$ cat final.csv   # CSV, C-alpha atoms and all ligand atoms
chain,number,residue,atom,x,y,z
Z,39,MET,CA,-30.8,-80.6,-62.3
Z,40,ALA,CA,-30.2,-76.8,-62.6
Z,41,ALA,CA,-28.3,-75.0,-59.9
Z,42,HIS,CA,-29.9,-72.8,-57.4
Z,43,ILE,CA,-29.2,-69.2,-58.5
Z,44,LEU,CA,-27.7,-66.9,-55.8
Z,45,ASN,CA,-29.3,-63.5,-56.4
Z,46,GLY,CA,-26.7,-60.8,-55.7
Z,47,THR,CA,-28.9,-57.9,-56.7
Z,48,GLU,CA,-31.4,-58.9,-54.0
Z,49,ILE,CA,-28.7,-59.4,-51.3
Z,50,GLY,CA,-27.0,-56.1,-52.3
Z,51,GLN,CA,-30.4,-54.3,-51.9
Z,52,GLN,CA,-30.9,-55.9,-48.5
Z,53,ILE,CA,-27.5,-54.6,-47.3
Z,54,ARG,CA,-28.2,-51.1,-48.6
Z,55,ASP,CA,-31.5,-51.1,-46.8
Z,56,GLU,CA,-29.8,-52.0,-43.5
Z,57,LEU,CA,-27.2,-49.3,-44.1
Z,58,ARG,CA,-29.9,-46.7,-44.8
Z,59,GLN,CA,-31.1,-47.0,-41.3
Z,60,GLN,CA,-27.6,-46.8,-39.9
Z,61,ILE,CA,-26.8,-43.7,-42.0
Z,62,GLN,CA,-30.0,-42.0,-40.7
Z,63,GLU,CA,-28.8,-42.6,-37.1
Z,64,LEU,CA,-25.4,-41.1,-37.9
Z,65,LYS,CA,-27.0,-38.1,-39.5
Z,66,GLN,CA,-29.2,-37.6,-36.5
Z,67,ALA,CA,-25.9,-37.5,-34.5
Z,68,GLY,CA,-24.7,-34.7,-36.9
Z,69,VAL,CA,-22.4,-36.9,-38.9
Z,70,THR,CA,-22.6,-37.4,-42.7
Z,71,PRO,CA,-20.2,-39.9,-44.1
Z,72,GLY,CA,-18.1,-38.6,-47.0
Z,73,LEU,CA,-16.4,-40.6,-49.8
Z,74,ALA,CA,-13.9,-39.2,-52.3
Z,75,ALA,CA,-13.3,-41.2,-55.5
Z,76,VAL,CA,-10.2,-40.4,-57.5
Z,77,LEU,CA,-10.6,-41.3,-61.2
Z,78,VAL,CA,-7.4,-40.6,-63.2
Z,79,GLY,CA,-7.7,-40.3,-66.9
Z,80,ASP,CA,-10.5,-41.6,-69.1
Z,81,ASN,CA,-10.5,-45.4,-68.9
Z,82,PRO,CA,-14.2,-46.1,-69.9
Z,83,ALA,CA,-14.6,-49.1,-67.5
Z,84,SER,CA,-13.2,-47.1,-64.6
Z,85,GLN,CA,-15.6,-44.2,-65.5
Z,86,ILE,CA,-18.6,-46.5,-65.3
Z,87,TYR,CA,-17.4,-48.1,-62.0
Z,88,VAL,CA,-16.8,-44.7,-60.4
Z,89,ARG,CA,-20.1,-43.3,-61.7
Z,90,ASN,CA,-21.9,-46.3,-60.0
Z,91,LYS,CA,-20.0,-45.8,-56.8
Z,92,ILE,CA,-21.0,-42.1,-56.7
Z,93,ARG,CA,-24.6,-43.0,-57.5
Z,94,ALA,CA,-24.7,-45.5,-54.6
Z,95,CYS,CA,-23.5,-42.7,-52.3
Z,96,GLU,CA,-26.2,-40.3,-53.6
Z,97,ASP,CA,-28.9,-43.0,-53.2
Z,98,LEU,CA,-28.0,-43.5,-49.6
Z,99,GLY,CA,-27.6,-39.8,-48.8
Z,100,LEU,CA,-23.8,-39.9,-48.3
Z,101,TYR,CA,-21.6,-37.0,-49.2
Z,102,SER,CA,-19.4,-37.8,-52.2
Z,103,GLU,CA,-16.8,-36.2,-54.4
Z,104,ARG,CA,-15.3,-37.3,-57.7
Z,105,LEU,CA,-11.8,-36.0,-58.4
Z,106,THR,CA,-10.6,-36.4,-62.1
Z,107,PRO,CA,-6.9,-35.6,-62.5
Z,108,PRO,CA,-5.7,-35.9,-66.1
Z,109,ALA,CA,-4.1,-39.2,-67.5
Z,110,THR,CA,-0.8,-37.4,-67.7
Z,111,ILE,CA,-0.6,-36.7,-63.9
Z,112,THR,CA,2.8,-37.5,-62.2
Z,113,THR,CA,3.1,-39.8,-59.1
Z,114,ASP,CA,4.0,-36.7,-57.0
Z,115,ASP,CA,1.0,-34.7,-58.1
Z,116,LEU,CA,-1.3,-37.7,-57.4
Z,117,LEU,CA,0.3,-38.1,-54.0
Z,118,ALA,CA,-0.5,-34.5,-53.3
Z,119,VAL,CA,-4.2,-35.1,-54.2
Z,120,VAL,CA,-4.3,-38.1,-51.8
Z,121,GLY,CA,-2.5,-36.1,-49.1
Z,122,GLU,CA,-5.1,-33.3,-49.3
Z,123,LEU,CA,-8.0,-35.9,-49.0
Z,124,ASN,CA,-6.2,-37.5,-46.0
Z,125,ARG,CA,-6.2,-34.1,-44.3
Z,126,ARG,CA,-9.8,-33.1,-44.9
Z,127,PRO,CA,-12.0,-34.1,-41.9
Z,128,GLN,CA,-15.2,-34.4,-43.8
Z,129,ILE,CA,-13.7,-37.1,-46.0
Z,130,ASP,CA,-14.0,-40.4,-44.3
Z,131,ALA,CA,-13.4,-42.7,-47.2
Z,132,ILE,CA,-10.9,-42.5,-50.1
Z,133,LEU,CA,-10.7,-44.7,-53.1
Z,134,VAL,CA,-8.3,-44.4,-56.0
Z,135,GLN,CA,-9.8,-46.3,-58.9
Z,136,LEU,CA,-7.4,-48.8,-60.6
Z,137,PRO,CA,-5.7,-49.2,-63.0
Z,138,LEU,CA,-3.6,-46.0,-62.9
Z,139,PRO,CA,-1.7,-44.8,-65.9
Z,140,ARG,CA,1.7,-46.4,-66.5
Z,141,GLN,CA,3.8,-43.5,-65.4
Z,142,VAL,CA,2.2,-43.5,-61.9
Z,143,ASP,CA,3.7,-45.6,-59.2
Z,144,THR,CA,0.6,-47.4,-58.0
Z,145,ARG,CA,2.2,-48.9,-54.9
Z,146,ARG,CA,3.3,-45.5,-53.6
Z,147,VAL,CA,-0.1,-44.0,-54.2
Z,148,LEU,CA,-1.9,-46.9,-52.4
Z,149,LEU,CA,0.6,-46.6,-49.5
Z,150,ALA,CA,-0.2,-42.9,-49.2
Z,151,VAL,CA,-3.9,-43.4,-48.5
Z,152,ASP,CA,-4.7,-43.0,-44.8
Z,153,PRO,CA,-5.4,-46.6,-43.6
Z,154,ALA,CA,-8.4,-45.3,-41.6
Z,155,LYS,CA,-9.9,-44.0,-44.9
Z,156,ASP,CA,-8.8,-46.8,-47.1
Z,157,VAL,CA,-12.2,-48.2,-48.0
Z,158,ASP,CA,-10.7,-50.5,-50.7
Z,159,GLY,CA,-8.6,-52.2,-48.1
Z,160,PHE,CA,-5.5,-52.0,-50.3
Z,161,HIS,CA,-3.1,-50.3,-47.9
Z,162,PRO,CA,-0.5,-52.7,-46.5
Z,163,MET,CA,-1.7,-51.9,-43.0
Z,164,ASN,CA,-5.2,-53.2,-43.8
Z,165,VAL,CA,-3.7,-56.1,-45.8
Z,166,GLY,CA,-1.7,-57.0,-42.7
Z,167,ALA,CA,-4.8,-56.7,-40.5
Z,168,LEU,CA,-6.6,-59.1,-42.9
Z,169,VAL,CA,-3.7,-61.7,-42.8
Z,170,ALA,CA,-3.7,-61.5,-39.0
Z,171,ASN,CA,-7.5,-61.6,-38.8
Z,172,ARG,CA,-7.6,-58.4,-36.9
Z,173,PRO,CA,-10.2,-55.6,-37.3
Z,174,GLY,CA,-9.6,-53.4,-40.4
Z,175,LEU,CA,-11.1,-52.4,-43.7
Z,176,ARG,CA,-11.5,-55.4,-46.1
Z,177,PRO,CA,-11.4,-55.3,-49.9
Z,178,CYS,CA,-15.0,-54.9,-51.2
Z,179,THR,CA,-15.4,-57.7,-53.7
Z,180,PRO,CA,-14.0,-60.5,-51.4
Z,181,ALA,CA,-16.1,-59.1,-48.5
Z,182,GLY,CA,-19.1,-59.1,-50.8
Z,183,VAL,CA,-18.6,-62.8,-51.6
Z,184,MET,CA,-18.4,-63.6,-47.9
Z,185,GLU,CA,-21.6,-61.6,-47.2
Z,186,LEU,CA,-23.4,-63.4,-50.1
Z,187,LEU,CA,-22.3,-66.9,-48.8
Z,188,ALA,CA,-23.4,-65.9,-45.2
Z,189,ARG,CA,-26.8,-64.6,-46.3
Z,190,SER,CA,-27.4,-67.6,-48.6
Z,191,GLY,CA,-26.9,-70.0,-45.7
Z,192,ILE,CA,-23.9,-71.7,-47.3
Z,193,GLU,CA,-21.7,-73.5,-44.8
Z,194,ILE,CA,-18.0,-72.6,-45.0
Z,195,LYS,CA,-16.5,-74.2,-41.9
Z,196,GLY,CA,-14.6,-77.4,-42.6
Z,197,ARG,CA,-15.4,-77.4,-46.3
Z,198,ARG,CA,-13.0,-77.5,-49.2
Z,199,ALA,CA,-12.7,-74.1,-50.9
Z,200,VAL,CA,-10.8,-73.7,-54.2
Z,201,VAL,CA,-10.0,-70.1,-55.3
Z,202,ILE,CA,-8.9,-69.7,-58.9
Z,203,GLY,CA,-6.9,-66.5,-59.2
Z,204,ARG,CA,-4.3,-64.9,-56.9
Z,205,SER,CA,-4.8,-61.2,-57.4
Z,206,ASP,CA,-4.2,-58.8,-54.6
Z,207,ILE,CA,-7.7,-57.4,-55.1
Z,208,VAL,CA,-9.7,-60.6,-55.1
Z,209,GLY,CA,-8.0,-64.0,-55.0
Z,210,LYS,CA,-5.6,-63.6,-52.2
Z,211,PRO,CA,-7.9,-61.7,-49.8
Z,212,LEU,CA,-10.8,-64.0,-50.6
Z,213,ALA,CA,-8.7,-67.0,-49.7
Z,214,LEU,CA,-7.8,-65.4,-46.4
Z,215,LEU,CA,-11.4,-64.6,-45.5
Z,216,LEU,CA,-12.4,-68.2,-46.3
Z,217,LEU,CA,-9.5,-69.5,-44.2
Z,218,HIS,CA,-10.6,-67.3,-41.2
Z,219,GLN,CA,-14.1,-68.9,-41.5
Z,220,HIS,CA,-12.4,-72.3,-41.2
Z,221,ALA,CA,-12.5,-73.5,-44.8
Z,222,THR,CA,-9.7,-75.7,-46.1
Z,223,VAL,CA,-8.4,-73.4,-48.8
Z,224,THR,CA,-6.5,-74.0,-52.0
Z,225,ILE,CA,-5.4,-71.2,-54.4
Z,226,CYS,CA,-5.0,-72.1,-58.0
Z,227,HIS,CA,-3.4,-69.9,-60.8
Z,228,SER,CA,-2.0,-70.0,-64.3
Z,229,ARG,CA,0.8,-72.3,-63.4
Z,230,THR,CA,-1.3,-74.9,-61.5
Z,231,GLN,CA,-1.0,-78.3,-62.9
Z,232,ASP,CA,-4.2,-80.1,-63.8
Z,233,LEU,CA,-6.4,-77.2,-62.6
Z,234,PRO,CA,-9.7,-79.0,-63.4
Z,235,ALA,CA,-8.7,-81.9,-61.2
Z,236,VAL,CA,-7.9,-79.5,-58.3
Z,237,ALA,CA,-11.1,-77.5,-58.9
Z,238,ARG,CA,-13.2,-80.7,-58.8
Z,239,THR,CA,-12.1,-81.3,-55.1
Z,240,ALA,CA,-14.0,-78.1,-54.2
Z,241,ASP,CA,-17.2,-77.9,-52.2
Z,242,LEU,CA,-17.0,-74.2,-52.8
Z,243,LEU,CA,-15.4,-73.1,-56.1
Z,244,LEU,CA,-14.6,-69.4,-56.5
Z,245,ALA,CA,-13.5,-68.2,-59.9
Z,246,ALA,CA,-11.6,-64.9,-60.0
Z,247,MET,CA,-9.0,-65.0,-62.7
Z,248,GLY,CA,-10.6,-62.7,-65.3
Z,249,ARG,CA,-10.9,-65.2,-68.2
Z,250,ALA,CA,-14.3,-65.5,-69.9
Z,251,ALA,CA,-16.1,-68.8,-69.4
Z,252,PHE,CA,-12.8,-70.5,-68.3
Z,253,VAL,CA,-14.5,-72.7,-65.7
Z,254,THR,CA,-16.3,-75.4,-67.7
Z,255,PRO,CA,-18.5,-78.2,-66.2
Z,256,ASP,CA,-15.5,-80.6,-66.0
Z,257,PHE,CA,-14.1,-78.3,-63.3
Z,258,VAL,CA,-17.1,-78.8,-61.0
Z,259,GLN,CA,-17.9,-81.5,-58.5
Z,260,PRO,CA,-21.7,-82.2,-58.9
Z,261,GLY,CA,-23.6,-80.2,-56.3
Z,262,ALA,CA,-20.7,-77.8,-55.5
Z,263,THR,CA,-21.4,-74.1,-54.8
Z,264,VAL,CA,-19.8,-72.0,-57.6
Z,265,ILE,CA,-19.1,-68.3,-57.1
Z,266,ASP,CA,-18.2,-66.4,-60.3
Z,267,VAL,CA,-16.3,-63.2,-59.6
Z,268,GLY,CA,-15.4,-62.5,-63.2
Z,269,ILE,CA,-16.9,-59.7,-65.4
Z,270,ASN,CA,-15.7,-60.0,-69.0
Z,271,ARG,CA,-17.2,-58.2,-72.0
Z,272,ILE,CA,-17.4,-60.3,-75.2
Z,273,ASN,CA,-17.8,-58.7,-78.6
Z,274,ASP,CA,-17.1,-61.6,-80.9
Z,275,PRO,CA,-20.3,-63.2,-82.4
Z,276,ALA,CA,-18.6,-66.6,-82.8
Z,277,THR,CA,-17.7,-66.7,-79.1
Z,278,ALA,CA,-21.2,-65.7,-78.2
Z,279,GLU,CA,-22.8,-68.4,-80.4
Z,280,GLN,CA,-20.6,-71.0,-78.7
Z,281,LEU,CA,-21.1,-69.8,-75.1
Z,282,PHE,CA,-24.8,-69.2,-75.4
Z,283,ALA,CA,-25.7,-72.2,-77.6
Z,284,GLY,CA,-28.2,-73.5,-75.1
Z,285,TYR,CA,-29.4,-70.0,-74.0
Z,286,PRO,CA,-31.5,-68.4,-76.9
Z,287,GLN,CA,-32.4,-65.4,-74.7
Z,288,ARG,CA,-28.8,-64.5,-74.0
Z,289,LEU,CA,-27.8,-65.0,-77.6
Z,290,GLU,CA,-30.7,-62.7,-78.7
Z,291,GLU,CA,-29.5,-60.1,-76.2
Z,292,PHE,CA,-26.0,-60.3,-77.6
Z,293,ARG,CA,-27.3,-59.8,-81.1
Z,294,ARG,CA,-29.3,-56.8,-80.0
Z,295,LYS,CA,-26.5,-55.1,-78.1
Z,296,GLY,CA,-23.4,-56.3,-80.0
Z,297,SER,CA,-21.8,-57.4,-76.8
Z,298,ALA,CA,-22.5,-59.3,-73.5
Z,299,LEU,CA,-21.1,-59.7,-70.1
Z,300,VAL,CA,-19.9,-63.1,-69.1
Z,301,GLY,CA,-18.2,-64.4,-66.0
Z,302,ASP,CA,-15.2,-66.6,-65.5
Z,303,VAL,CA,-17.7,-69.5,-65.3
Z,304,HIS,CA,-19.2,-71.1,-68.4
Z,305,PRO,CA,-23.0,-70.9,-68.5
Z,306,ASP,CA,-23.2,-74.8,-68.8
Z,307,VAL,CA,-21.9,-75.1,-65.2
Z,308,ALA,CA,-25.5,-74.4,-64.1
Z,309,GLU,CA,-26.2,-78.0,-65.1
Z,310,VAL,CA,-23.7,-79.4,-62.6
Z,311,ALA,CA,-23.4,-76.9,-59.7
Z,312,GLY,CA,-25.7,-77.0,-56.7
Z,313,ALA,CA,-25.7,-73.2,-56.4
Z,314,LEU,CA,-24.3,-70.6,-58.7
Z,315,THR,CA,-23.9,-66.8,-58.9
Z,316,PRO,CA,-25.0,-65.4,-62.3
Z,317,VAL,CA,-23.1,-62.7,-64.3
Z,318,PRO,CA,-24.5,-60.1,-64.3
Z,319,GLY,CA,-26.5,-59.9,-61.0
Z,320,GLY,CA,-24.2,-62.1,-58.8
Z,321,VAL,CA,-21.1,-60.8,-57.0
Z,322,GLY,CA,-21.1,-57.5,-58.9
Z,323,PRO,CA,-23.8,-55.7,-57.0
Z,324,LEU,CA,-22.2,-56.7,-53.7
Z,325,THR,CA,-18.9,-54.9,-54.4
Z,326,ILE,CA,-20.6,-51.5,-54.3
Z,327,ALA,CA,-22.8,-52.5,-51.4
Z,328,MET,CA,-19.7,-53.4,-49.4
Z,329,LEU,CA,-18.0,-50.1,-50.4
Z,330,MET,CA,-20.9,-48.4,-48.7
Z,331,VAL,CA,-20.5,-50.7,-45.7
Z,332,ASN,CA,-16.8,-49.8,-45.5
Z,333,THR,CA,-17.5,-46.1,-45.8
Z,334,VAL,CA,-19.9,-46.2,-42.9
Z,335,GLN,CA,-17.5,-48.4,-40.9
Z,336,ALA,CA,-14.6,-45.9,-41.6
Z,337,THR,CA,-16.8,-43.0,-40.6
Z,338,ARG,CA,-17.8,-44.6,-37.3
Z,339,GLN,CA,-14.3,-45.5,-36.4
Z,340,ARG,CA,-12.7,-42.2,-37.4
Z,341,ARG,CA,-15.4,-40.2,-35.6
Z,342,GLY,CA,-15.8,-42.3,-32.5
Z,343,GLN,CA,-19.4,-43.1,-33.2
Z,344,PRO,CA,-20.9,-46.0,-31.3
Z,345,ALA,CA,-22.2,-49.2,-33.0
Z,346,PRO,CA,-25.7,-49.0,-34.5
Z,347,ALA,CA,-28.7,-49.2,-32.2
Z,348,HIS,CA,-30.1,-52.1,-34.4
Z,349,PRO,CA,-27.2,-54.4,-34.9
Z,350,SER,CA,-27.1,-55.3,-38.6
Z,351,LYS,CA,-26.3,-58.7,-40.0
Z,352,LEU,CA,-23.1,-57.3,-41.5
Z,353,ALA,CA,-20.9,-59.5,-39.4
Z,354,ALA,CA,-19.6,-62.1,-41.9
Z,355,VAL,CA,-16.2,-60.4,-42.5
Z,356,ARG,CA,-15.3,-58.3,-39.6
Z,401,LIG,N1,-10.4,-51.6,-60.2
Z,401,LIG,C1,-10.9,-52.8,-60.3
Z,401,LIG,N2,-11.5,-53.2,-59.1
Z,401,LIG,C2,-11.3,-52.2,-58.3
Z,401,LIG,C3,-11.6,-52.0,-56.9
Z,401,LIG,O1,-12.2,-52.8,-56.2
Z,401,LIG,N3,-11.3,-50.8,-56.4
Z,401,LIG,C4,-10.6,-49.8,-57.1
Z,401,LIG,N4,-10.2,-48.7,-56.5
Z,401,LIG,N5,-10.2,-50.0,-58.3
Z,401,LIG,C5,-10.6,-51.2,-58.9

$ encode --input "final.csv" --output "structure tokens"
Amino acid sequence: MAAHILNGTEIGQQIRDELRQQIQELKQAGVTPGLAAVLVGDNPASQIYVRNKIRACEDLGLYSERLTPPATITTDDLLAVVGELNRRPQIDAILVQLPLPRQVDTRRVLLAVDPAKDVDGFHPMNVGALVANRPGLRPCTPAGVMELLARSGIEIKGRRAVVIGRSDIVGKPLALLLLHQHATVTICHSRTQDLPAVARTADLLLAAMGRAAFVTPDFVQPGATVIDVGINRINDPATAEQLFAGYPQRLEEFRRKGSALVGDVHPDVAEVAGALTPVPGGVGPLTIAMLMVNTVQATRQRRGQPAPAHPSKLAAVR
């Protein structure tokens, strides 16, 4: 039986609609949330991500700025850019798009962002708040996964969750959020022995290691919920033919465009899983939705604005 498909586009839209109402209320109180995105250099993927983030702000009526220092910038000059944004009262939210060029000390830059404006949740202060399960800004992609699970009615408490991938941006924070919701959590990574056997113990399997179609049906307990956080572009026709063998529409699309996006989960997992997020249209749309949620949260907290008149459902992760 084919897995139930968890529609991230729809849930992302729902979240944005709830935010629209909250933003209107803030504006009526004379407050317009402001986000600054720092895009260093000309990494094409980063350019697309930042463009989509700015568009999301515009769509919701938030103030936004895109700063584009050159790829040759020094750590000190980038620290000065961040310092200036920290000081500007109309900027509530700062994100420094990663990766940064090699000569820049990424840790020093992330440490320089005011934790109250750190809408990526990358500052050690917010990381500590997450570990201790105290209020703070949570990384957007893991927060989006939690929101997707909550709104899809998927039980977390007491269930076995296996997270594949241990990045600071996704794997680690996601494991902590699941733990705080009382899952029994295992983190797997490149050195894990017999990874498929560990993965098969999962009621909830979350793939976030950035390897195209790595999770094959033999990793999945029949009926498990599988969350695919990966976004990988494939350009090789032979790979596409193999992956999309049973999916003529996807193969056709690959041939038309010359490339395709695939997750960390193999398409055939849909035959085994109970529920599955697609790529594209699964976790991806939630990342930006949660960036908007974090921007509104940061604004409210910085400017002493009360909680919304109509409490939203955005309660899964805070
Ligand atoms: N690069 C890849 N993912 C992210 C993210 O969530 N935030 C930022 N700032 N950069 C990224």

$ closest_atom_pairs --input "final.csv" --of "chain Z" --to "ligand LIG 401 (chain Z)" --cutoff "6 Å" --atoms "all atoms listed in the file" --output "JSON lines"
{"residue": "Z:Leu133", "atom": "CA", "partner": "Z:LIG401", "partner_atom": "N4", "distance": 5.3}
{"residue": "Z:Val134", "atom": "CA", "partner": "Z:LIG401", "partner_atom": "N4", "distance": 4.7}
{"residue": "Z:Gln135", "atom": "CA", "partner": "Z:LIG401", "partner_atom": "N4", "distance": 3.4}
{"residue": "Z:Leu136", "atom": "CA", "partner": "Z:LIG401", "partner_atom": "N5", "distance": 3.8}
{"residue": "Z:Pro137", "atom": "CA", "partner": "Z:LIG401", "partner_atom": "N1", "distance": 6.0}
{"residue": "Z:Asp158", "atom": "CA", "partner": "Z:LIG401", "partner_atom": "N3", "distance": 5.7}

$ atom_distance --input "final.csv" --atom1 "CA of Ala199 (chain Z)" --atom2 "CA of Leu216 (chain Z)"
7.5 Å

$ atom_distance --input "final.csv" --atom1 "CA of Gln60 (chain Z)" --atom2 "CA of Ile129 (chain Z)"
18.0 Å

$ atom_distance --input "final.csv" --atom1 "CA of Ile61 (chain Z)" --atom2 "CA of Arg341 (chain Z)"
13.5 Å

$ closest_atom_pairs --input "final.csv" --of "region 196-272 of chain Z" --to "region 72-90 of chain Z" --cutoff "12 Å" --atoms "all atoms listed in the file" --output "tab-separated table"
residue	atom	partner	partner_atom	distance
Z:Ile269	CA	Z:Ala83	CA	11.0
Z:Asn270	CA	Z:Ala83	CA	11.1
Z:Arg271	CA	Z:Ala83	CA	10.5

$ residues_around --input "final.csv" --residues "Gly268 (chain Z)" --least-positions-apart "6" --cutoff "6 Å" --atoms "only C-alpha atoms" --output "ChimeraX atom specification"
/Z:246,248,301-302

$ residues_around --input "final.csv" --residues "Leu243 (chain Z)" --least-positions-apart "4" --cutoff "10 Å" --atoms "only C-alpha atoms" --output "list of chain:residue names"
Z:Arg198, Z:Ala199, Z:Val200, Z:Val201, Z:Ile202, Z:Thr224, Z:Ala237, Z:Arg238, Z:Thr239, Z:Val253, Z:Phe257, Z:Val258, Z:Gln259, Z:Ala262, Z:Thr263, Z:Val264, Z:Ile265, Z:Asp266, Z:Ala311, Z:Leu314

$ closest_atom_pairs --input "final.csv" --of "region 159-244 of chain Z" --to "region 148-153 of chain Z" --cutoff "7 Å" --atoms "all atoms listed in the file" --output "tab-separated table"
residue	atom	partner	partner_atom	distance
Z:Phe160	CA	Z:Leu148	CA	6.6
Z:His161	CA	Z:Leu149	CA	5.5
Z:Pro162	CA	Z:Leu149	CA	6.9
Z:Met163	CA	Z:Pro153	CA	6.5
Z:Asn164	CA	Z:Pro153	CA	6.6

$ closest_residue --input "final.csv" --among "Z:Gln231, Z:Gln219, Z:Ser297, Z:Gln62" --to "Thr277 (chain Z)" --atoms "all atoms listed in the file"
Z:Ser297

$ residues_around --input "final.csv" --residues "region 193-197 of chain Z" --least-positions-apart "3" --cutoff "9 Å" --atoms "all atoms listed in the file" --output "list in words"
Leu187, Ala188, Leu216, Leu217, Gln219, His220, Ala221, Thr222, Val223, Ala240, Asp241 and Leu242 of chain Z

$ closest_residue --input "final.csv" --among "Z:Ala345, Z:Ala181, Z:Ala245, Z:Val307" --to "Leu64 (chain Z)" --atoms "all atoms listed in the file"
Z:Ala345

$ closest_residue --input "final.csv" --among "Z:Arg58, Z:His304, Z:Lys155, Z:Lys295" --to "Arg249 (chain Z)" --atoms "all atoms listed in the file"
Z:His304

$ closest_residue --input "final.csv" --among "Z:Gly319, Z:Gly312, Z:Pro260, Z:Gly174" --to "Gln51 (chain Z)" --atoms "all atoms listed in the file"
Z:Gly319

$ residues_around --input "final.csv" --residues "Ala276 (chain Z)" --least-positions-apart "6" --cutoff "12 Å" --atoms "all atoms listed in the file" --output "tab-separated table (two decimals) with C-alpha atoms, in the frame of the given file"
chain	number	residue	atom	x	y	z
Z	282	PHE	CA	-24.80	-69.20	-75.40
Z	283	ALA	CA	-25.70	-72.20	-77.60
Z	289	LEU	CA	-27.80	-65.00	-77.60
Z	292	PHE	CA	-26.00	-60.30	-77.60
Z	293	ARG	CA	-27.30	-59.80	-81.10
Z	296	GLY	CA	-23.40	-56.30	-80.00
Z	297	SER	CA	-21.80	-57.40	-76.80

$ residues_near_point --input "final.csv" --point "(-31.9, -77.5, -60.5)" --cutoff "8 Å" --atoms "only C-alpha atoms" --output "list in words"
Met39, Ala40, Ala41, His42, Ala308, Glu309 and Gly312 of chain Z

$ closest_residue --input "final.csv" --among "Z:Leu44, Z:Leu212, Z:Ile132, Z:Ala278" --to "Val321 (chain Z)" --atoms "all atoms listed in the file"
Z:Leu44

$ decode --input "final.csv" --residues "region 221-225 of chain Z" --atoms "all heavy atoms" --output "PDB file, in the first residue's frame"
ATOM      1  N   ALA Z 221       9.972  11.517  22.657  1.00  0.00           N
ATOM      2  CA  ALA Z 221      10.334  10.373  21.804  1.00  0.00           C
ATOM      3  C   ALA Z 221      11.554   9.691  22.419  1.00  0.00           C
ATOM      4  O   ALA Z 221      12.296  10.291  23.189  1.00  0.00           O
ATOM      5  CB  ALA Z 221      10.666  10.844  20.399  1.00  0.00           C
ATOM      6  N   THR Z 222      11.748   8.432  22.075  1.00  0.00           N
ATOM      7  CA  THR Z 222      13.013   7.736  22.377  1.00  0.00           C
ATOM      8  C   THR Z 222      13.885   7.903  21.145  1.00  0.00           C
ATOM      9  O   THR Z 222      13.547   7.393  20.077  1.00  0.00           O
ATOM     10  CB  THR Z 222      12.736   6.244  22.649  1.00  0.00           C
ATOM     11  OG1 THR Z 222      11.847   6.164  23.758  1.00  0.00           O
ATOM     12  CG2 THR Z 222      14.028   5.490  22.950  1.00  0.00           C
ATOM     13  N   VAL Z 223      14.966   8.681  21.291  1.00  0.00           N
ATOM     14  CA  VAL Z 223      15.668   9.175  20.104  1.00  0.00           C
ATOM     15  C   VAL Z 223      17.029   8.511  19.915  1.00  0.00           C
ATOM     16  O   VAL Z 223      17.813   8.408  20.860  1.00  0.00           O
ATOM     17  CB  VAL Z 223      15.876  10.716  20.201  1.00  0.00           C
ATOM     18  CG1 VAL Z 223      16.565  11.234  18.938  1.00  0.00           C
ATOM     19  CG2 VAL Z 223      14.557  11.424  20.420  1.00  0.00           C
ATOM     20  N   THR Z 224      17.304   8.091  18.696  1.00  0.00           N
ATOM     21  CA  THR Z 224      18.631   7.604  18.301  1.00  0.00           C
ATOM     22  C   THR Z 224      19.139   8.491  17.170  1.00  0.00           C
ATOM     23  O   THR Z 224      18.365   8.836  16.269  1.00  0.00           O
ATOM     24  CB  THR Z 224      18.529   6.149  17.784  1.00  0.00           C
ATOM     25  OG1 THR Z 224      17.982   5.334  18.816  1.00  0.00           O
ATOM     26  CG2 THR Z 224      19.902   5.604  17.390  1.00  0.00           C
ATOM     27  N   ILE Z 225      20.411   8.879  17.252  1.00  0.00           N
ATOM     28  CA  ILE Z 225      21.025   9.635  16.149  1.00  0.00           C
ATOM     29  C   ILE Z 225      22.013   8.724  15.429  1.00  0.00           C
ATOM     30  O   ILE Z 225      22.893   8.150  16.055  1.00  0.00           O
ATOM     31  CB  ILE Z 225      21.762  10.888  16.661  1.00  0.00           C
ATOM     32  CG1 ILE Z 225      20.837  11.777  17.490  1.00  0.00           C
ATOM     33  CG2 ILE Z 225      22.351  11.676  15.481  1.00  0.00           C
ATOM     34  CD1 ILE Z 225      21.517  13.007  18.078  1.00  0.00           C
TER      35      ILE Z 225
END
